[in-house]
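The structure file structure.cif is reproduced below (mmCIF, C-alpha atoms).
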```cif
data_protein
#
loop_
_atom_site.label_atom_id
_atom_site.label_comp_id
_atom_site.auth_asym_id
_atom_site.auth_seq_id
_atom_site.Cartn_x
_atom_site.Cartn_y
_atom_site.Cartn_z
CA MET A 1 -17.13 10.84 -4.02
CA GLU A 2 -18.28 13.29 -6.70
CA HIS A 3 -15.77 15.55 -8.43
CA ASP A 4 -16.70 18.87 -10.02
CA ARG A 5 -13.28 19.27 -11.59
CA PRO A 6 -13.17 19.44 -15.41
CA ILE A 7 -12.21 16.29 -17.29
CA THR A 8 -8.60 16.31 -18.53
CA ARG A 9 -7.75 14.52 -21.79
CA ALA A 10 -4.70 12.31 -21.16
CA TRP A 11 -2.36 10.02 -23.11
CA VAL A 12 -0.29 7.25 -21.48
CA LEU A 13 3.22 6.32 -22.67
CA HIS A 14 5.25 3.35 -21.43
CA PRO A 15 8.97 3.66 -22.31
CA ASP A 16 10.39 0.19 -23.08
CA LEU A 17 14.16 0.43 -22.75
CA LYS A 18 15.87 -2.43 -24.59
CA SER A 19 19.03 -2.26 -22.48
CA ASP A 20 17.10 -2.74 -19.21
CA GLN A 21 17.22 -6.49 -18.58
CA SER A 22 14.96 -6.27 -15.51
CA ARG A 23 12.15 -4.44 -17.32
CA ARG A 24 8.58 -5.69 -17.17
CA ALA A 25 6.74 -6.98 -20.24
CA ALA A 26 5.74 -3.83 -22.14
CA GLU A 27 2.08 -4.48 -23.00
CA PRO A 28 0.90 -5.54 -19.50
CA ALA A 29 2.95 -2.65 -18.05
CA LEU A 30 1.17 -0.20 -20.37
CA GLU A 31 -2.17 -1.74 -19.38
CA GLU A 32 -1.32 -1.15 -15.73
CA GLY A 33 -0.30 2.45 -16.53
CA VAL A 34 -3.70 3.01 -18.17
CA SER A 35 -5.42 1.47 -15.13
CA LEU A 36 -3.48 3.84 -12.88
CA ALA A 37 -4.67 6.79 -14.94
CA ALA A 38 -8.25 5.47 -14.89
CA ALA A 39 -8.11 5.50 -11.07
CA LEU A 40 -8.33 9.31 -11.19
CA PRO A 41 -11.95 10.36 -11.72
CA ASP A 42 -11.19 13.56 -13.64
CA LEU A 43 -8.93 11.96 -16.28
CA GLN A 44 -10.06 10.63 -19.63
CA VAL A 45 -7.45 8.36 -21.19
CA VAL A 46 -7.75 9.07 -24.92
CA GLY A 47 -4.89 6.83 -26.05
CA ALA A 48 -1.81 4.86 -24.99
CA ASP A 49 1.42 3.67 -26.59
CA VAL A 50 4.51 1.61 -25.81
CA VAL A 51 7.57 3.60 -26.91
CA ARG A 52 10.50 1.27 -27.63
CA LEU A 53 13.83 2.89 -26.82
CA PRO A 54 17.26 1.61 -27.84
CA ARG A 55 18.66 4.08 -25.27
CA LEU A 56 17.53 6.93 -23.02
CA HIS A 57 18.13 10.50 -24.17
CA PRO A 58 19.25 12.31 -21.00
CA GLY A 59 17.72 15.70 -21.90
CA LYS A 60 14.41 14.69 -23.45
CA LEU A 61 13.99 10.93 -22.77
CA PHE A 62 12.95 10.28 -26.40
CA GLY A 63 14.67 10.99 -29.74
CA LYS A 64 13.79 13.99 -31.96
CA GLY A 65 11.72 11.98 -34.43
CA LYS A 66 9.60 10.31 -31.75
CA ILE A 67 9.06 13.64 -29.95
CA ALA A 68 7.84 15.26 -33.21
CA GLU A 69 5.59 12.27 -34.02
CA LEU A 70 4.03 12.32 -30.54
CA LYS A 71 3.60 16.12 -30.65
CA GLN A 72 1.40 15.74 -33.76
CA ILE A 73 -0.64 12.96 -32.11
CA PHE A 74 -1.18 15.05 -28.96
CA HIS A 75 -2.16 18.08 -31.03
CA ASP A 76 -4.64 16.10 -33.17
CA ASN A 77 -6.26 14.55 -30.08
CA GLU A 78 -6.30 17.78 -28.01
CA ILE A 79 -4.24 16.14 -25.25
CA GLU A 80 -3.71 18.24 -22.11
CA LEU A 81 -1.77 15.75 -19.95
CA VAL A 82 0.84 13.11 -20.86
CA LEU A 83 1.45 10.33 -18.33
CA ILE A 84 4.78 8.53 -18.63
CA ASP A 85 4.72 5.13 -16.93
CA GLY A 86 8.27 5.29 -15.63
CA PRO A 87 10.76 7.70 -14.05
CA VAL A 88 11.28 11.11 -15.66
CA THR A 89 13.96 13.54 -14.46
CA PRO A 90 12.99 17.16 -13.69
CA VAL A 91 14.97 18.37 -16.73
CA GLN A 92 13.30 15.82 -19.05
CA GLN A 93 9.90 16.82 -17.67
CA ARG A 94 10.50 20.53 -18.31
CA ASN A 95 11.90 19.95 -21.81
CA LEU A 96 9.08 17.62 -22.89
CA GLU A 97 6.42 19.98 -21.51
CA ASN A 98 7.97 22.81 -23.55
CA GLU A 99 8.20 20.65 -26.70
CA TRP A 100 4.64 19.31 -26.53
CA GLY A 101 2.84 22.22 -24.84
CA VAL A 102 1.19 19.86 -22.33
CA LYS A 103 1.46 19.04 -18.62
CA LEU A 104 3.50 15.90 -17.93
CA LEU A 105 3.43 13.48 -15.00
CA ASP A 106 5.71 10.48 -14.43
CA ARG A 107 4.66 7.28 -12.65
CA THR A 108 5.57 8.63 -9.20
CA GLY A 109 3.64 11.86 -9.78
CA LEU A 110 0.59 9.94 -10.99
CA ILE A 111 0.59 7.54 -8.02
CA LEU A 112 0.92 10.54 -5.67
CA GLU A 113 -2.13 12.11 -7.33
CA ILE A 114 -4.11 8.90 -6.80
CA PHE A 115 -2.96 8.58 -3.18
CA SER A 116 -3.90 12.20 -2.58
CA ASP A 117 -7.36 11.55 -4.06
CA ARG A 118 -7.94 8.36 -2.02
CA ALA A 119 -6.38 8.92 1.43
CA ARG A 120 -9.04 9.23 4.12
CA THR A 121 -7.54 8.83 7.60
CA SER A 122 -5.50 11.63 9.14
CA GLU A 123 -2.40 9.42 8.98
CA GLY A 124 -2.94 8.58 5.32
CA VAL A 125 -3.43 12.25 4.41
CA LEU A 126 -0.26 13.30 6.27
CA GLN A 127 1.80 10.54 4.69
CA VAL A 128 0.62 11.52 1.21
CA GLU A 129 1.46 15.18 1.84
CA MET A 130 4.94 14.29 3.06
CA ALA A 131 5.58 12.00 0.09
CA ALA A 132 4.36 14.69 -2.33
CA LEU A 133 6.57 17.37 -0.77
CA SER A 134 9.64 15.08 -0.78
CA TYR A 135 8.98 14.37 -4.47
CA GLN A 136 8.47 18.05 -5.33
CA ARG A 137 11.64 19.06 -3.51
CA THR A 138 13.69 17.13 -6.08
CA ARG A 139 11.82 18.83 -8.94
CA LEU A 140 12.37 22.49 -8.16
CA VAL A 141 13.62 23.44 -11.59
CA ARG A 142 11.23 26.40 -11.65
CA ALA A 143 8.91 28.19 -9.23
CA TRP A 144 6.04 26.01 -7.99
CA THR A 145 2.92 28.15 -8.22
CA HIS A 146 1.02 26.19 -5.56
CA LEU A 147 3.70 27.14 -3.02
CA GLU A 148 2.90 30.83 -3.39
CA ARG A 149 -0.05 30.55 -0.98
CA GLN A 150 1.88 28.34 1.44
CA ARG A 151 4.88 30.64 1.49
CA GLY A 152 2.66 33.51 2.63
CA GLY A 153 1.88 31.70 5.85
CA LEU A 154 5.44 30.71 6.71
CA GLY A 155 6.47 34.07 8.17
CA PHE A 156 9.60 34.74 6.13
CA VAL A 157 10.63 36.52 2.97
CA GLY A 158 13.64 35.42 0.92
CA GLY A 159 16.76 37.34 1.96
CA PRO A 160 19.19 39.16 -0.35
CA GLY A 161 20.51 36.91 -3.09
CA GLU A 162 18.09 34.08 -2.23
CA THR A 163 16.72 32.53 -5.40
CA GLN A 164 13.10 31.48 -5.94
CA ILE A 165 14.14 27.82 -5.88
CA GLU A 166 15.98 28.20 -2.54
CA ALA A 167 12.94 29.95 -1.06
CA ASP A 168 10.70 27.15 -2.31
CA ARG A 169 13.06 24.50 -0.87
CA ARG A 170 13.02 26.25 2.51
CA ALA A 171 9.22 26.45 2.38
CA ILE A 172 9.02 22.72 1.63
CA ASP A 173 11.52 21.83 4.37
CA GLU A 174 9.60 23.85 6.98
CA GLN A 175 6.35 22.26 5.88
CA LEU A 176 7.90 18.78 6.00
CA ASN A 177 9.08 19.39 9.58
CA ARG A 178 5.58 20.44 10.61
CA LEU A 179 4.06 17.38 8.95
CA ARG A 180 6.60 15.06 10.63
CA LYS A 181 5.58 16.42 14.04
CA GLN A 182 1.89 15.97 13.23
CA LEU A 183 2.52 12.45 11.92
CA ALA A 184 4.48 11.53 15.07
CA LYS A 185 1.38 12.41 17.14
CA VAL A 186 -0.92 10.41 14.87
CA VAL A 187 1.42 7.39 14.92
CA LYS A 188 1.61 7.60 18.72
CA THR A 189 -2.20 7.50 18.88
CA ARG A 190 -2.25 4.48 16.58
CA GLU A 191 0.32 2.74 18.79
CA LEU A 192 -2.01 3.28 21.76
CA HIS A 193 -4.84 1.73 19.75
CA ARG A 194 -2.54 -1.15 18.84
CA ALA A 195 -1.59 -1.64 22.49
CA SER A 196 -5.26 -1.73 23.45
CA ARG A 197 -5.86 -4.32 20.72
CA ALA A 198 -3.03 -6.40 22.20
CA LYS A 199 -5.20 -6.81 25.31
CA VAL A 200 -8.02 -8.23 23.19
CA PRO A 201 -7.50 -11.95 22.87
CA PHE A 202 -8.60 -11.96 19.21
CA PRO A 203 -6.01 -12.85 16.59
CA ILE A 204 -5.46 -10.38 13.74
CA VAL A 205 -5.75 -11.62 10.15
CA ALA A 206 -4.35 -9.23 7.51
CA LEU A 207 -5.37 -9.29 3.85
CA VAL A 208 -2.48 -8.35 1.56
CA GLY A 209 -2.06 -8.46 -2.19
CA TYR A 210 -1.32 -6.63 -5.39
CA THR A 211 -3.58 -3.68 -5.99
CA ASN A 212 -6.89 -4.63 -7.63
CA ALA A 213 -6.54 -8.30 -6.59
CA GLY A 214 -9.95 -8.14 -4.87
CA LYS A 215 -8.92 -7.71 -1.20
CA SER A 216 -11.56 -5.09 -0.43
CA THR A 217 -14.29 -7.13 -2.16
CA LEU A 218 -13.29 -10.16 -0.05
CA PHE A 219 -13.12 -8.00 3.10
CA ASN A 220 -16.62 -6.65 2.40
CA TYR A 221 -17.99 -10.13 1.75
CA LEU A 222 -16.58 -11.54 4.99
CA THR A 223 -17.27 -8.59 7.28
CA GLY A 224 -20.32 -6.95 5.76
CA ALA A 225 -18.35 -3.67 5.87
CA LYS A 226 -18.84 -1.02 3.23
CA VAL A 227 -15.20 -0.43 2.32
CA PHE A 228 -14.84 1.28 -1.07
CA ALA A 229 -14.39 -1.59 -3.52
CA LYS A 230 -14.23 -0.96 -7.23
CA ASP A 231 -12.36 -2.44 -10.18
CA MET A 232 -9.54 0.11 -10.15
CA LEU A 233 -6.02 0.37 -8.85
CA PHE A 234 -5.59 1.67 -5.30
CA ALA A 235 -9.33 1.60 -4.57
CA THR A 236 -8.50 1.61 -0.85
CA LEU A 237 -5.48 3.20 0.81
CA ASP A 238 -6.10 3.12 4.53
CA PRO A 239 -6.18 -0.03 6.66
CA THR A 240 -9.64 -0.96 7.83
CA MET A 241 -10.25 -3.39 10.69
CA ARG A 242 -13.40 -5.31 11.61
CA LYS A 243 -14.15 -8.06 14.10
CA ILE A 244 -15.78 -11.12 12.56
CA VAL A 245 -17.05 -14.41 13.97
CA LEU A 246 -15.94 -17.48 12.03
CA PRO A 247 -18.33 -20.43 11.46
CA THR A 248 -16.42 -22.30 14.21
CA GLY A 249 -17.38 -19.57 16.70
CA ASP A 250 -13.80 -18.23 16.83
CA GLU A 251 -13.54 -14.44 16.75
CA ILE A 252 -10.86 -12.64 14.74
CA ILE A 253 -9.99 -9.08 13.73
CA MET A 254 -9.64 -8.78 9.97
CA SER A 255 -7.52 -6.01 8.47
CA ASP A 256 -7.69 -4.77 4.85
CA THR A 257 -4.50 -3.01 3.71
CA VAL A 258 -3.32 -0.81 0.85
CA GLY A 259 -2.65 -2.72 -2.37
CA PHE A 260 0.95 -3.32 -3.40
CA ILE A 261 2.31 -2.39 -6.81
CA SER A 262 5.54 -3.03 -8.72
CA ASP A 263 8.09 -0.21 -8.90
CA LEU A 264 6.37 1.61 -6.04
CA PRO A 265 8.26 4.92 -5.83
CA THR A 266 10.70 5.03 -2.91
CA GLU A 267 9.02 8.16 -1.53
CA LEU A 268 5.81 6.17 -1.19
CA VAL A 269 7.37 3.02 0.28
CA ALA A 270 8.68 5.20 3.11
CA ALA A 271 5.45 7.17 3.45
CA PHE A 272 3.21 4.12 3.62
CA ARG A 273 5.44 1.93 5.73
CA ALA A 274 3.48 2.87 8.86
CA THR A 275 0.20 1.91 7.17
CA LEU A 276 1.61 -1.44 6.09
CA GLU A 277 3.05 -2.06 9.57
CA GLU A 278 -0.43 -3.38 10.45
CA VAL A 279 0.77 -6.50 8.62
CA LEU A 280 3.63 -6.94 11.11
CA ASP A 281 1.09 -7.28 13.94
CA ALA A 282 -0.89 -9.92 12.10
CA ASP A 283 -1.15 -13.45 13.47
CA LEU A 284 -2.03 -14.68 9.98
CA ILE A 285 -1.51 -13.14 6.53
CA ILE A 286 -3.91 -13.93 3.70
CA HIS A 287 -2.24 -13.18 0.36
CA VAL A 288 -5.00 -12.46 -2.18
CA ARG A 289 -4.02 -12.96 -5.83
CA ASP A 290 -5.95 -12.14 -9.00
CA ILE A 291 -5.40 -15.54 -10.59
CA SER A 292 -7.09 -14.40 -13.82
CA HIS A 293 -4.44 -11.71 -14.46
CA ALA A 294 -1.83 -12.43 -17.13
CA GLN A 295 0.93 -11.18 -14.78
CA THR A 296 -0.29 -12.96 -11.63
CA GLU A 297 3.11 -14.63 -10.99
CA GLU A 298 5.01 -11.34 -11.29
CA GLN A 299 2.46 -9.61 -9.04
CA ALA A 300 2.85 -12.34 -6.41
CA ALA A 301 6.64 -11.93 -6.53
CA ASP A 302 6.25 -8.16 -5.98
CA VAL A 303 4.03 -8.77 -2.94
CA HIS A 304 6.54 -11.21 -1.41
CA ALA A 305 9.37 -8.72 -1.99
CA ILE A 306 7.46 -5.91 -0.25
CA LEU A 307 6.52 -8.18 2.68
CA GLN A 308 10.19 -9.08 3.04
CA SER A 309 11.25 -5.42 2.95
CA LEU A 310 8.71 -4.67 5.69
CA GLY A 311 10.38 -7.28 7.88
CA VAL A 312 7.63 -9.92 7.82
CA ALA A 313 9.28 -13.10 9.05
CA GLU A 314 9.79 -15.97 6.60
CA GLU A 315 8.00 -18.32 8.97
CA ALA A 316 4.96 -16.02 9.38
CA PRO A 317 1.82 -18.09 8.72
CA ILE A 318 0.46 -17.25 5.25
CA ILE A 319 -2.56 -18.55 3.37
CA GLU A 320 -2.59 -17.94 -0.38
CA VAL A 321 -5.93 -17.19 -1.98
CA TRP A 322 -6.43 -17.37 -5.74
CA ASN A 323 -9.26 -14.93 -6.31
CA LYS A 324 -11.44 -14.24 -9.40
CA VAL A 325 -11.72 -17.89 -10.46
CA ASP A 326 -15.14 -16.90 -11.83
CA LEU A 327 -13.27 -15.08 -14.63
CA LEU A 328 -11.46 -18.27 -15.75
CA GLU A 329 -13.32 -20.34 -18.29
CA GLY A 330 -13.38 -24.10 -18.92
CA ASP A 331 -10.16 -26.05 -18.44
CA ALA A 332 -8.23 -23.05 -17.05
CA GLY A 333 -10.70 -22.67 -14.17
CA ASP A 334 -10.81 -26.42 -13.52
CA ALA A 335 -6.99 -26.64 -13.42
CA VAL A 336 -6.76 -23.82 -10.86
CA ARG A 337 -9.46 -25.35 -8.65
CA THR A 338 -7.79 -28.80 -8.82
CA GLN A 339 -4.36 -27.40 -7.94
CA ALA A 340 -5.79 -25.46 -4.99
CA ALA A 341 -7.63 -28.55 -3.71
CA ARG A 342 -4.38 -30.55 -3.74
CA THR A 343 -2.17 -27.88 -2.13
CA ASP A 344 -1.97 -27.00 1.56
CA ASP A 345 -2.77 -23.40 2.50
CA LEU A 346 -4.04 -22.60 -0.99
CA PHE A 347 -7.66 -21.75 -1.83
CA ALA A 348 -9.38 -20.94 -5.12
CA ILE A 349 -12.21 -18.48 -4.51
CA SER A 350 -14.40 -15.79 -5.98
CA ALA A 351 -14.93 -12.89 -3.58
CA LEU A 352 -17.69 -11.74 -5.93
CA THR A 353 -19.80 -14.93 -6.01
CA GLY A 354 -18.69 -16.44 -2.67
CA GLU A 355 -17.26 -19.59 -4.27
CA GLY A 356 -14.68 -21.34 -2.05
CA LEU A 357 -15.10 -19.00 0.91
CA ASP A 358 -16.54 -21.64 3.26
CA ALA A 359 -13.38 -23.74 2.89
CA LEU A 360 -11.19 -20.66 3.43
CA LEU A 361 -13.05 -19.62 6.59
CA ALA A 362 -12.88 -23.17 7.95
CA ALA A 363 -9.07 -23.20 7.50
CA ILE A 364 -8.35 -19.92 9.31
CA PRO A 365 -8.79 -21.23 12.92
CA ASP A 366 -6.40 -24.14 12.24
CA LYS A 367 -3.68 -21.76 11.02
CA LEU A 368 -4.17 -19.64 14.13
CA LYS A 369 -3.73 -22.52 16.55
CA ASP A 370 -0.25 -21.78 17.79
CA PRO A 371 1.66 -24.56 19.60
CA ARG A 372 1.77 -23.87 23.37
CA HIS A 373 4.78 -24.06 25.62
CA THR A 374 5.44 -23.77 29.36
CA GLU A 375 7.28 -20.81 30.85
CA ASN A 376 8.00 -19.45 34.35
CA LEU A 377 7.33 -15.77 35.13
CA SER A 378 8.02 -13.56 38.15
CA LEU A 379 5.72 -10.58 38.72
CA ASP A 380 5.91 -7.79 41.30
CA PHE A 381 2.88 -6.94 43.41
CA ALA A 382 2.62 -3.77 41.28
CA ASP A 383 2.02 -5.91 38.18
CA GLY A 384 -1.60 -6.62 39.08
CA ARG A 385 -2.88 -5.76 35.60
CA LYS A 386 -0.49 -8.22 33.92
CA ARG A 387 -1.40 -10.95 36.40
CA ALA A 388 -5.12 -10.35 35.81
CA TRP A 389 -4.59 -10.57 32.03
CA LEU A 390 -2.83 -13.94 32.38
CA PHE A 391 -5.76 -15.31 34.37
CA GLU A 392 -8.25 -13.87 31.86
CA GLN A 393 -6.37 -15.75 29.13
CA GLY A 394 -6.58 -18.97 31.16
CA VAL A 395 -2.85 -19.70 30.74
CA VAL A 396 -1.76 -19.90 34.42
CA THR A 397 -1.11 -23.51 35.54
CA ASP A 398 0.59 -22.71 38.87
CA GLU A 399 1.17 -19.70 41.12
CA VAL A 400 3.25 -19.18 44.27
CA GLN A 401 3.23 -15.94 46.26
CA THR A 402 6.69 -14.65 47.19
CA GLU A 403 7.91 -11.78 49.38
CA THR A 404 7.98 -9.39 46.41
CA GLY A 405 5.16 -10.71 44.24
CA TYR A 406 4.21 -13.90 42.40
CA ASP A 407 6.02 -16.76 40.64
CA LEU A 408 3.76 -18.13 37.93
CA THR A 409 3.93 -21.07 35.55
CA VAL A 410 2.13 -20.35 32.30
CA PHE A 411 1.20 -22.56 29.36
CA TRP A 412 0.74 -20.24 26.41
CA THR A 413 1.23 -19.58 22.70
CA GLN A 414 3.91 -17.38 21.13
CA ILE A 415 1.17 -14.92 20.16
CA GLN A 416 0.02 -14.64 23.79
CA LYS A 417 3.61 -14.18 24.93
CA GLU A 418 4.09 -11.31 22.47
CA ARG A 419 0.82 -9.69 23.54
CA PHE A 420 1.85 -9.99 27.19
CA ALA A 421 5.15 -8.24 26.41
CA GLN A 422 3.17 -5.24 25.06
CA LEU A 423 1.11 -4.79 28.26
#
```
When written as structure tokens, how does the structure in this file appear?
Amino acid sequence: MEHDRPITRAWVLHPDLKSDQSRRAAEPALEEGVSLAAALPDLQVVGADVVRLPRLHPGKLFGKGKIAELKQIFHDNEIELVLIDGPVTPVQQRNLENEWGVKLLDRTGLILEIFSDRARTSEGVLQVEMAALSYQRTRLVRAWTHLERQRGGLGFVGGPGETQIEADRRAIDEQLNRLRKQLAKVVKTRELHRASRAKVPFPIVALVGYTNAGKSTLFNYLTGAKVFAKDMLFATLDPTMRKIVLPTGDEIIMSDTVGFISDLPTELVAAFRATLEEVLDADLIIHVRDISHAQTEEQAADVHAILQSLGVAEEAPIIEVWNKVDLLEGDAGDAVRTQAARTDDLFAISALTGEGLDALLAAIPDKLKDPRHTENLSLDFADGRKRAWLFEQGVVTDEVQTETGYDLTVFWTQIQKERFAQL
């Protein structure tokens, strides 16, 4: 997608707070912050620094000396936008913007900008708008110029004594209510689609992983789809589904999902929960890892934490895929391939070259073979559609007609039972 917007010169700062025991390693975190910035097409990252902080300064985040030093750097490099890879309070944001004479975005604001730039489906667009408005509502420390247009269409004028900020908050709240109603309709439509998929006897395989792990590249390789795949964070935001036929002849639906990221702002976790709920429907999860990344273990831990927060069951079948082995040289690559060969449900692959994909595809049907069990069901005569579905699935082993309907004995998998419950 081409952008005619002018290029903005940006500088990335990662505050490294010594007192924060849970903080991430500073250099890789800064690298990720720069990658986030690079995901916006109209930004040019001119420079980046880790700023080590003994403590946070509540009003301005940094100390006087550091602020003056950075002001000179920004002036010399004609910087228009400073991106701070971490949380910044509204007061800190206003004070730093005044000190430096630049626009400032924190990590949440930057990720919202990227999401806004990438979202394609109606649901994705609505979720981004809601997340952005929720974020802005907490930052009304001055009038928001972009709300001027929106306020004109809301049909009210601030009453006596109503401040600009109160008017803006009311405008945001009214807009949020409208968006929630629109989103409810979109989600309802998606639930209908999901229900119709439940009638299709194809298992769903969901690709999950840290952003930029290569999920979309793998998805494209396996499905022949043209999902946007590029070496940048958040290259894809909306779930994409395709039916593919495995070498064994088994048919599956494969789903590509939004990439996960550490410290995902709470506004966005809530906003994108519905998108990630596709994972809850999956019969098999394939966790794609960039095994060449220095922080691959930390990224994997973040993915597991998000899956857990979404309510994905501990016993959910998961295959782990170590992607980008083509980027590992010599002994490092050999060690990864050897470990994968010796470990169940672990595959070393390159989605770019196709290495290891035959073994991965051959393993998927085995993971989807769910143990069957026998169960007795009673259906009314009115449940003709459900009865027909059971016979289509070939799970009925016995049937007796009763005065009110049918007593059936079925031999089925847990997946089929869950699908039947959704009919």
Applied to the shown file, which residues does the PyMOL selection byres ((chain A and resi 183) around 10) return, written as an MDAnalysis selection string? chainID A and resid 122:127 130 177:182 184:189
I want to know what sits within 8 Å of stretch 281-295 of chain A, based on all atoms listed in the file, with residues of the same chain fewer than 3 positions away left out; could you give that as a ChimeraX atom specification? /A:28,203-210,212-215,277-278,298-300,316-325,327-328,367-368,415
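Excluding A:Leu218 itself and any same-chain residue fewer than 4 positions from it, the protein and nucleic acid residues within 8 Å of it, counting all atoms listed in the file, are Gly214, Leu222, Ala351 and Leu352 of chain A.
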Keeping C-alpha atoms for every residue in the selection just given, could you write it to a file as an mmCIF file, in the coordinates of the input?
```cif
data_model
loop_
_atom_site.group_PDB
_atom_site.id
_atom_site.type_symbol
_atom_site.label_atom_id
_atom_site.label_comp_id
_atom_site.auth_asym_id
_atom_site.auth_seq_id
_atom_site.Cartn_x
_atom_site.Cartn_y
_atom_site.Cartn_z
ATOM 1 C CA GLY A 214 -9.950 -8.140 -4.870
ATOM 2 C CA LEU A 222 -16.580 -11.540 4.990
ATOM 3 C CA ALA A 351 -14.930 -12.890 -3.580
ATOM 4 C CA LEU A 352 -17.690 -11.740 -5.930
#
```
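Counting only C-alpha atoms, the residue from A:Val410, A:Ala48, A:Ala341, A:Ile252 that sits nearest to A:Glu375 is A:Val410.
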Let me know the residues the PyMOL selection byres ((chain A and resi 390-407) around 6) catches in the file above, as a ChimeraX atom specification. /A:377-381,387-389,408-412
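In this comparison, which uses only C-alpha atoms, the residue of A:Glu355, A:Arg9, A:Val128, A:Val34 approaching A:Ile79 most closely is A:Arg9.
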What does the distance between atom CA of A:Leu53 and atom CA of A:Leu17 come to in Å, to one decimal place?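 According to the coordinates, atom CA of A:Leu53 and atom CA of A:Leu17 are separated by 4.8 Å.
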At what distance in Å, to one decimal, does atom CA of A:Val82 lie from atom CA of A:Val12?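 That distance, rounded to one decimal, is 6.0 Å.
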Near A:Ala26, counting all atoms listed in the file, which residues have an atom at most 10 Å away, once you skip same-chain residues fewer than 3 positions from it, shown as a PDB file with C-alpha atoms, in the coordinates of the input?
```
ATOM      1  CA  HIS A  14       5.250   3.350 -21.430  1.00  0.00           C
ATOM      2  CA  PRO A  15       8.970   3.660 -22.310  1.00  0.00           C
ATOM      3  CA  ASP A  16      10.390   0.190 -23.080  1.00  0.00           C
ATOM      4  CA  LEU A  17      14.160   0.430 -22.750  1.00  0.00           C
ATOM      5  CA  ARG A  23      12.150  -4.440 -17.320  1.00  0.00           C
ATOM      6  CA  ALA A  29       2.950  -2.650 -18.050  1.00  0.00           C
ATOM      7  CA  LEU A  30       1.170  -0.200 -20.370  1.00  0.00           C
ATOM      8  CA  GLU A  31      -2.170  -1.740 -19.380  1.00  0.00           C
ATOM      9  CA  GLU A  32      -1.320  -1.150 -15.730  1.00  0.00           C
ATOM     10  CA  ASP A  49       1.420   3.670 -26.590  1.00  0.00           C
ATOM     11  CA  VAL A  50       4.510   1.610 -25.810  1.00  0.00           C
ATOM     12  CA  VAL A  51       7.570   3.600 -26.910  1.00  0.00           C
ATOM     13  CA  ARG A  52      10.500   1.270 -27.630  1.00  0.00           C
TER      14      ARG A  52
END
```
Could you tell me, as a PyMOL selection string, exactly which residues end up selected when the PyMOL selection byres ((chain A and resi 43) around 12) is applied to this structure? chain A and resi 3+5-12+34-42+44-47+79-83+110+113-114
Produce a file of the selected residues containing C-alpha atoms, as an mmCIF file, in the coordinates of the input.
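Okay, this is what ended up in out39.cif:
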```cif
data_model
loop_
_atom_site.group_PDB
_atom_site.id
_atom_site.type_symbol
_atom_site.label_atom_id
_atom_site.label_comp_id
_atom_site.auth_asym_id
_atom_site.auth_seq_id
_atom_site.Cartn_x
_atom_site.Cartn_y
_atom_site.Cartn_z
ATOM 1 C CA HIS A 3 -15.770 15.550 -8.430
ATOM 2 C CA ARG A 5 -13.280 19.270 -11.590
ATOM 3 C CA PRO A 6 -13.170 19.440 -15.410
ATOM 4 C CA ILE A 7 -12.210 16.290 -17.290
ATOM 5 C CA THR A 8 -8.600 16.310 -18.530
ATOM 6 C CA ARG A 9 -7.750 14.520 -21.790
ATOM 7 C CA ALA A 10 -4.700 12.310 -21.160
ATOM 8 C CA TRP A 11 -2.360 10.020 -23.110
ATOM 9 C CA VAL A 12 -0.290 7.250 -21.480
ATOM 10 C CA VAL A 34 -3.700 3.010 -18.170
ATOM 11 C CA SER A 35 -5.420 1.470 -15.130
ATOM 12 C CA LEU A 36 -3.480 3.840 -12.880
ATOM 13 C CA ALA A 37 -4.670 6.790 -14.940
ATOM 14 C CA ALA A 38 -8.250 5.470 -14.890
ATOM 15 C CA ALA A 39 -8.110 5.500 -11.070
ATOM 16 C CA LEU A 40 -8.330 9.310 -11.190
ATOM 17 C CA PRO A 41 -11.950 10.360 -11.720
ATOM 18 C CA ASP A 42 -11.190 13.560 -13.640
ATOM 19 C CA GLN A 44 -10.060 10.630 -19.630
ATOM 20 C CA VAL A 45 -7.450 8.360 -21.190
ATOM 21 C CA VAL A 46 -7.750 9.070 -24.920
ATOM 22 C CA GLY A 47 -4.890 6.830 -26.050
ATOM 23 C CA ILE A 79 -4.240 16.140 -25.250
ATOM 24 C CA GLU A 80 -3.710 18.240 -22.110
ATOM 25 C CA LEU A 81 -1.770 15.750 -19.950
ATOM 26 C CA VAL A 82 0.840 13.110 -20.860
ATOM 27 C CA LEU A 83 1.450 10.330 -18.330
ATOM 28 C CA LEU A 110 0.590 9.940 -10.990
ATOM 29 C CA GLU A 113 -2.130 12.110 -7.330
ATOM 30 C CA ILE A 114 -4.110 8.900 -6.800
#
```
For a quick check of understanding, using all atoms listed in the file, which of A:Gly311, A:Gly354, A:Gly101, A:Pro247 has the smallest distance to A:Phe219?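 Looking at the shortest contact to A:Phe219, the residue is A:Gly354.
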